[in-house]
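Scroll down for the structure; my scribbles are underneath it.
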Amino acid sequence: MTQINENYSLKKYNTFGVDVKARYFATPQSIQEIIDILENKRECFPFMIIGEGSNILFTRDFNGLVLKPAIRGIKIISSDREHCYAEVGAGENWDEFVHWAVESNLAGVENLSLIPGSAGSSPIQNIGAYGAEVSDIIEKVNYLDLETLEIKSLPAGECHFGYRTSIFKYQLKNRIVITSVIFRLNTAHIYNTTYGNLQEEVEKMGDLSLATVRQAVINIRNSKLPDPKIIGNAGSFFKNPVLGKEVACKIRQNYSSMPFYNLPGDLVKIPAGWLIEQCGWKGKKTGNAGVHDKQALVLVNHGNATGMEIKELAGKIMESVYEKFSIRLEPEVNII
Ligand code: FAD
Ligand code: EPU
């Protein structure tokens, strides 16, 4: 029987390091343990699922049951000449899986090195970095339906993956628990080192290999993103806004240095970090909350910030970006 803790501090379970409490907290180790809790503990409603809390901002105590699935295991379930299919338990750490794939000489996840969080959360916002998205290599997502307690499976084509989005972030939010993900890894090595200074960094590491790409990504990330063990944060607080080309051109008439990336369908993506920096927020501190000095898209907890303080800072940033550029930033982080 899974132990259910009462009035449990979540400080260690969110990378912002915000000190809030859950009325109940449990870490079920298997699907059966989750089902047992759901069948026997209806009085613990509402429920909330967490992974490693690296994309959550708690603004208050949670008056219900927080479930942190600890379903483990990485196993190869099938393979052919080109691919190897690995089923990874939701509770496995994402970067340990990436390390395993690189050590096993399997390609496809190396650009996603060092992203915090669990493997089970990776499809939720379709994690992405350095020119790759996890949806590129997801075959299937297995989940438990919280209403019917049935185990179901969704092929990647039905997951509605997009930039930092999926069916799990919206339509299925709070209605399911992802239990495992099946990844399609490549036996051939096709490298993607076109993002930013990745190619240059790989060359410093030595010959092109899965291991050198992984190390190069780790080095770049470490040079700009704060380590949540040292300074609380949840990575990019906002999504990069996507605008119509015409709208972006109008803004560029006044701000000719505004960077942008072309997307299909006459759309462009603008780096929110640039917009925030232009508004003068980079490195700024308000009370215990602040904006990282090396990457303006990252909000940080300088000590004992409350979730509300960080949320208020985010609100002020959104206002000033709107005032200056008429662009509405949308939080990437799940605000609870
Ligand atoms: P949590 O934060 O615990 O949960 C996120 C959401 O998923 C919540 O809504 C939660 O309810 C839900 N959830 C979690 N597990 C399950 C489950 N098993 N079933 C159903 N719902 C569930 N993201 C990127 O995309 N790219 C980056 O480069 C990147 N860099 C980051 C750098 C830093 C320093 C940090 C702190 C974060 C970064 N992130 C990045 C964000 C974060 O790493 C990802 O969003 C990650 O996938 C979150 O995983 P988690 O296990 O911590 O999820
Ligand atoms: N920039 C600034 N000032 C800043 C930060 C960025 O001007 O303070 C501009 C620069 O022009 C820079 C550009 O923004 O060249 C892009 O910056 P960076 O390469 O750091 O990437 P990003 O767009 O800020 C995105 C993701 C990250 C991901 C990196 C690398 C989003 C919301 N964020 O950040 O993901 O790691 O690209 O691929 O898409 C996350 O989602 O939590 C996250 C960290």
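By order in the structure tokens, chains are A, B, ...; within a chain, residues start at 1; ligands start at 1, following the order shown.
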* Could you give me, as a PyMOL selection string, the residues within 9 Å of range 178-185 of chain A, counting only C-alpha atoms and dropping anything in the same chain fewer than 5 positions from it? => chain A and resi 30-31+69+71-72+77+82-91+101+106-109+119-123+134+136-145+151+168
* Identify, counting only C-alpha atoms and all ligand atoms, the protein, DNA and RNA residues located within 9 Å of ligand 2, and give them as an MDAnalysis selection string. => chainID A and resid 54:55 111:112 115:116 125 127:132 163:164 195:197 221 224:225 234:241 258:260 269:278 282:283 292:298 331:333
* To do: Give me the residues within 12 Å of Ile167 in chain A as a list in words, counting only C-alpha atoms and dropping any in the same chain fewer than 2 places off.
  =>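 Once the adjacent positions are removed, what remains is Pro123, Ile124, Gln125, Asn126, Val141, Leu154, Pro155, Ala156, Gly157, Glu158, Cys159, His160, Phe161, Gly162, Tyr163, Arg164, Thr165, Lys169, Tyr170, Gln171, Leu172, Lys173, Asn174, Arg175, Ile176 and Ile178 of chain A.
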* Interatomic distance, CA of Ser113 in chain A to CA of Val268 in chain A (Å, one decimal) ->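 About the pair CA of Ser113 in chain A and CA of Val268 in chain A: they are 25.9 Å apart.
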* **For Gly232 in chain A, the nearest of the candidates A:Lys324, A:Lys21, A:Lys11, A:Lys311, counting only C-alpha atoms** =>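 Of all the options, A:Lys11 lies closest to Gly232 in chain A.
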Enumerate as a tab-separated table (two decimals) with N, CA and C atoms, in the first residue's frame all residues of range 35-187 of chain A assigned to alpha helix (DSSP H) by DSSP on the backbone, naming them with the chain letters and numbers the document uses.
chain	number	residue	atom	x	y	z
A	35	ILE	N	-4.00	3.12	-9.14
A	35	ILE	CA	-5.42	2.71	-9.17
A	35	ILE	C	-5.93	2.51	-7.74
A	36	ASP	N	-5.11	1.85	-6.91
A	36	ASP	CA	-5.54	1.62	-5.51
A	36	ASP	C	-5.82	2.94	-4.81
A	37	ILE	N	-4.94	3.91	-5.01
A	37	ILE	CA	-5.14	5.22	-4.35
A	37	ILE	C	-6.44	5.84	-4.85
A	38	LEU	N	-6.63	5.80	-6.17
A	38	LEU	CA	-7.81	6.47	-6.74
A	38	LEU	C	-9.09	5.79	-6.29
A	39	GLU	N	-9.04	4.45	-6.12
A	39	GLU	CA	-10.26	3.74	-5.70
A	39	GLU	C	-10.57	3.94	-4.23
A	40	ASN	N	-9.50	4.05	-3.43
A	40	ASN	CA	-9.72	4.09	-1.97
A	40	ASN	C	-9.71	5.47	-1.36
A	94	TRP	N	14.50	12.38	-17.11
A	94	TRP	CA	14.68	12.57	-18.56
A	94	TRP	C	16.16	12.48	-18.96
A	95	ASP	N	17.02	13.21	-18.25
A	95	ASP	CA	18.41	13.27	-18.71
A	95	ASP	C	19.14	11.94	-18.50
A	96	GLU	N	18.69	11.16	-17.52
A	96	GLU	CA	19.30	9.83	-17.37
A	96	GLU	C	18.94	8.95	-18.57
A	97	PHE	N	17.73	9.13	-19.08
A	97	PHE	CA	17.33	8.39	-20.29
A	97	PHE	C	18.20	8.84	-21.48
A	98	VAL	N	18.41	10.18	-21.61
A	98	VAL	CA	19.24	10.68	-22.73
A	98	VAL	C	20.65	10.08	-22.61
A	99	HIS	N	21.18	10.07	-21.40
A	99	HIS	CA	22.52	9.51	-21.16
A	99	HIS	C	22.54	8.03	-21.57
A	100	TRP	N	21.51	7.30	-21.19
A	100	TRP	CA	21.41	5.87	-21.54
A	100	TRP	C	21.40	5.70	-23.07
A	101	ALA	N	20.61	6.54	-23.77
A	101	ALA	CA	20.51	6.42	-25.24
A	101	ALA	C	21.87	6.68	-25.89
A	102	VAL	N	22.54	7.73	-25.43
A	102	VAL	CA	23.85	8.07	-26.02
A	102	VAL	C	24.85	6.95	-25.76
A	103	GLU	N	24.86	6.43	-24.53
A	103	GLU	CA	25.77	5.32	-24.18
A	103	GLU	C	25.44	4.07	-24.98
* Picked from range 155-253 of chain A by DSSP as strand (DSSP E), as a ChimeraX atom specification -> /A:155,176-186,232-236,242-244
With N, CA and C atoms retained, could you export that selection as a compact mmCIF listing (two decimals), in the first residue's frame?
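The resulting file, selection_22.txt, is reproduced below:
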# COMPACT_ATOMS: atom_id res chain seq x y z
N PRO A 155 -1.08 7.07 -30.09
CA PRO A 155 0.05 7.19 -31.03
C PRO A 155 0.41 8.66 -31.22
N ILE A 176 -5.73 12.45 -16.90
CA ILE A 176 -4.95 11.22 -17.12
C ILE A 176 -3.64 11.27 -16.34
N VAL A 177 -3.02 10.09 -16.16
CA VAL A 177 -1.64 10.04 -15.67
C VAL A 177 -0.82 9.33 -16.74
N ILE A 178 0.18 9.98 -17.27
CA ILE A 178 1.07 9.30 -18.22
C ILE A 178 1.89 8.29 -17.41
N THR A 179 1.90 7.04 -17.89
CA THR A 179 2.58 5.97 -17.14
C THR A 179 3.91 5.59 -17.79
N SER A 180 3.95 5.63 -19.12
CA SER A 180 5.22 5.39 -19.82
C SER A 180 5.15 5.99 -21.22
N VAL A 181 6.33 6.16 -21.81
CA VAL A 181 6.40 6.71 -23.18
C VAL A 181 7.27 5.76 -24.00
N ILE A 182 6.83 5.51 -25.25
CA ILE A 182 7.64 4.68 -26.14
C ILE A 182 8.36 5.59 -27.14
N PHE A 183 9.68 5.55 -27.09
CA PHE A 183 10.51 6.41 -27.95
C PHE A 183 11.08 5.57 -29.09
N ARG A 184 11.17 6.21 -30.26
CA ARG A 184 11.73 5.56 -31.45
C ARG A 184 13.13 6.16 -31.68
N LEU A 185 14.14 5.41 -31.30
CA LEU A 185 15.51 5.92 -31.43
C LEU A 185 16.13 5.39 -32.72
N ASN A 186 17.10 6.13 -33.24
CA ASN A 186 17.67 5.77 -34.54
C ASN A 186 19.00 5.06 -34.38
N GLY A 232 16.68 28.85 -7.66
CA GLY A 232 15.38 28.33 -8.09
C GLY A 232 14.90 28.94 -9.39
N ASN A 233 14.43 28.10 -10.30
CA ASN A 233 13.86 28.59 -11.58
C ASN A 233 13.15 27.45 -12.28
N ALA A 234 12.42 27.77 -13.34
CA ALA A 234 11.72 26.72 -14.10
C ALA A 234 12.04 26.84 -15.59
N GLY A 235 13.27 27.24 -15.91
CA GLY A 235 13.64 27.42 -17.32
C GLY A 235 12.91 28.63 -17.88
N SER A 236 12.59 28.59 -19.16
CA SER A 236 11.90 29.73 -19.79
C SER A 236 10.55 29.91 -19.09
N VAL A 242 4.63 33.73 -31.28
CA VAL A 242 4.58 33.47 -32.72
C VAL A 242 3.62 34.50 -33.32
N LEU A 243 4.11 35.26 -34.30
CA LEU A 243 3.32 36.35 -34.90
C LEU A 243 3.22 36.16 -36.41
N GLY A 244 2.24 36.81 -36.99
CA GLY A 244 2.18 36.87 -38.45
C GLY A 244 3.36 37.71 -38.95
* Contacts of range 3-7 of chain A within 12 Å, only C-alpha atoms, excl. fewer than 6 positions in-chain, as a PyMOL selection string -> chain A and resi 19-29+33-34+36-38+40-41+44+61-68
* Figure out the distance between CA of Ile74 in chain A and CA of Tyr191 in chain A, please, to one decimal in Å. =>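 Between these atoms lies a distance of 23.6 Å.
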* Between CA of Ser209 in chain A and atom 28 (O, counted along the ligand's line) of ligand 1, measure the distance and give it in Å to one decimal. =>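 One can read the CA of Ser209 in chain A to atom 28 (O, counted along the ligand's line) of ligand 1 distance as 20.7 Å.
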* To do: List the neighbours of Ala211 in chain A out to 10 Å using only C-alpha atoms; skip same-chain residues closer than 2 positions along the sequence, and give me the result as a PyMOL selection string.
  => chain A and resi 99+102-103+105+110+202+205-209+213-217
* **Residue nearest Met48 in chain A - candidates A:Val300, A:Ile336, A:Ile190, A:Ile230, atoms counted: only C-alpha atoms** => A:Ile336
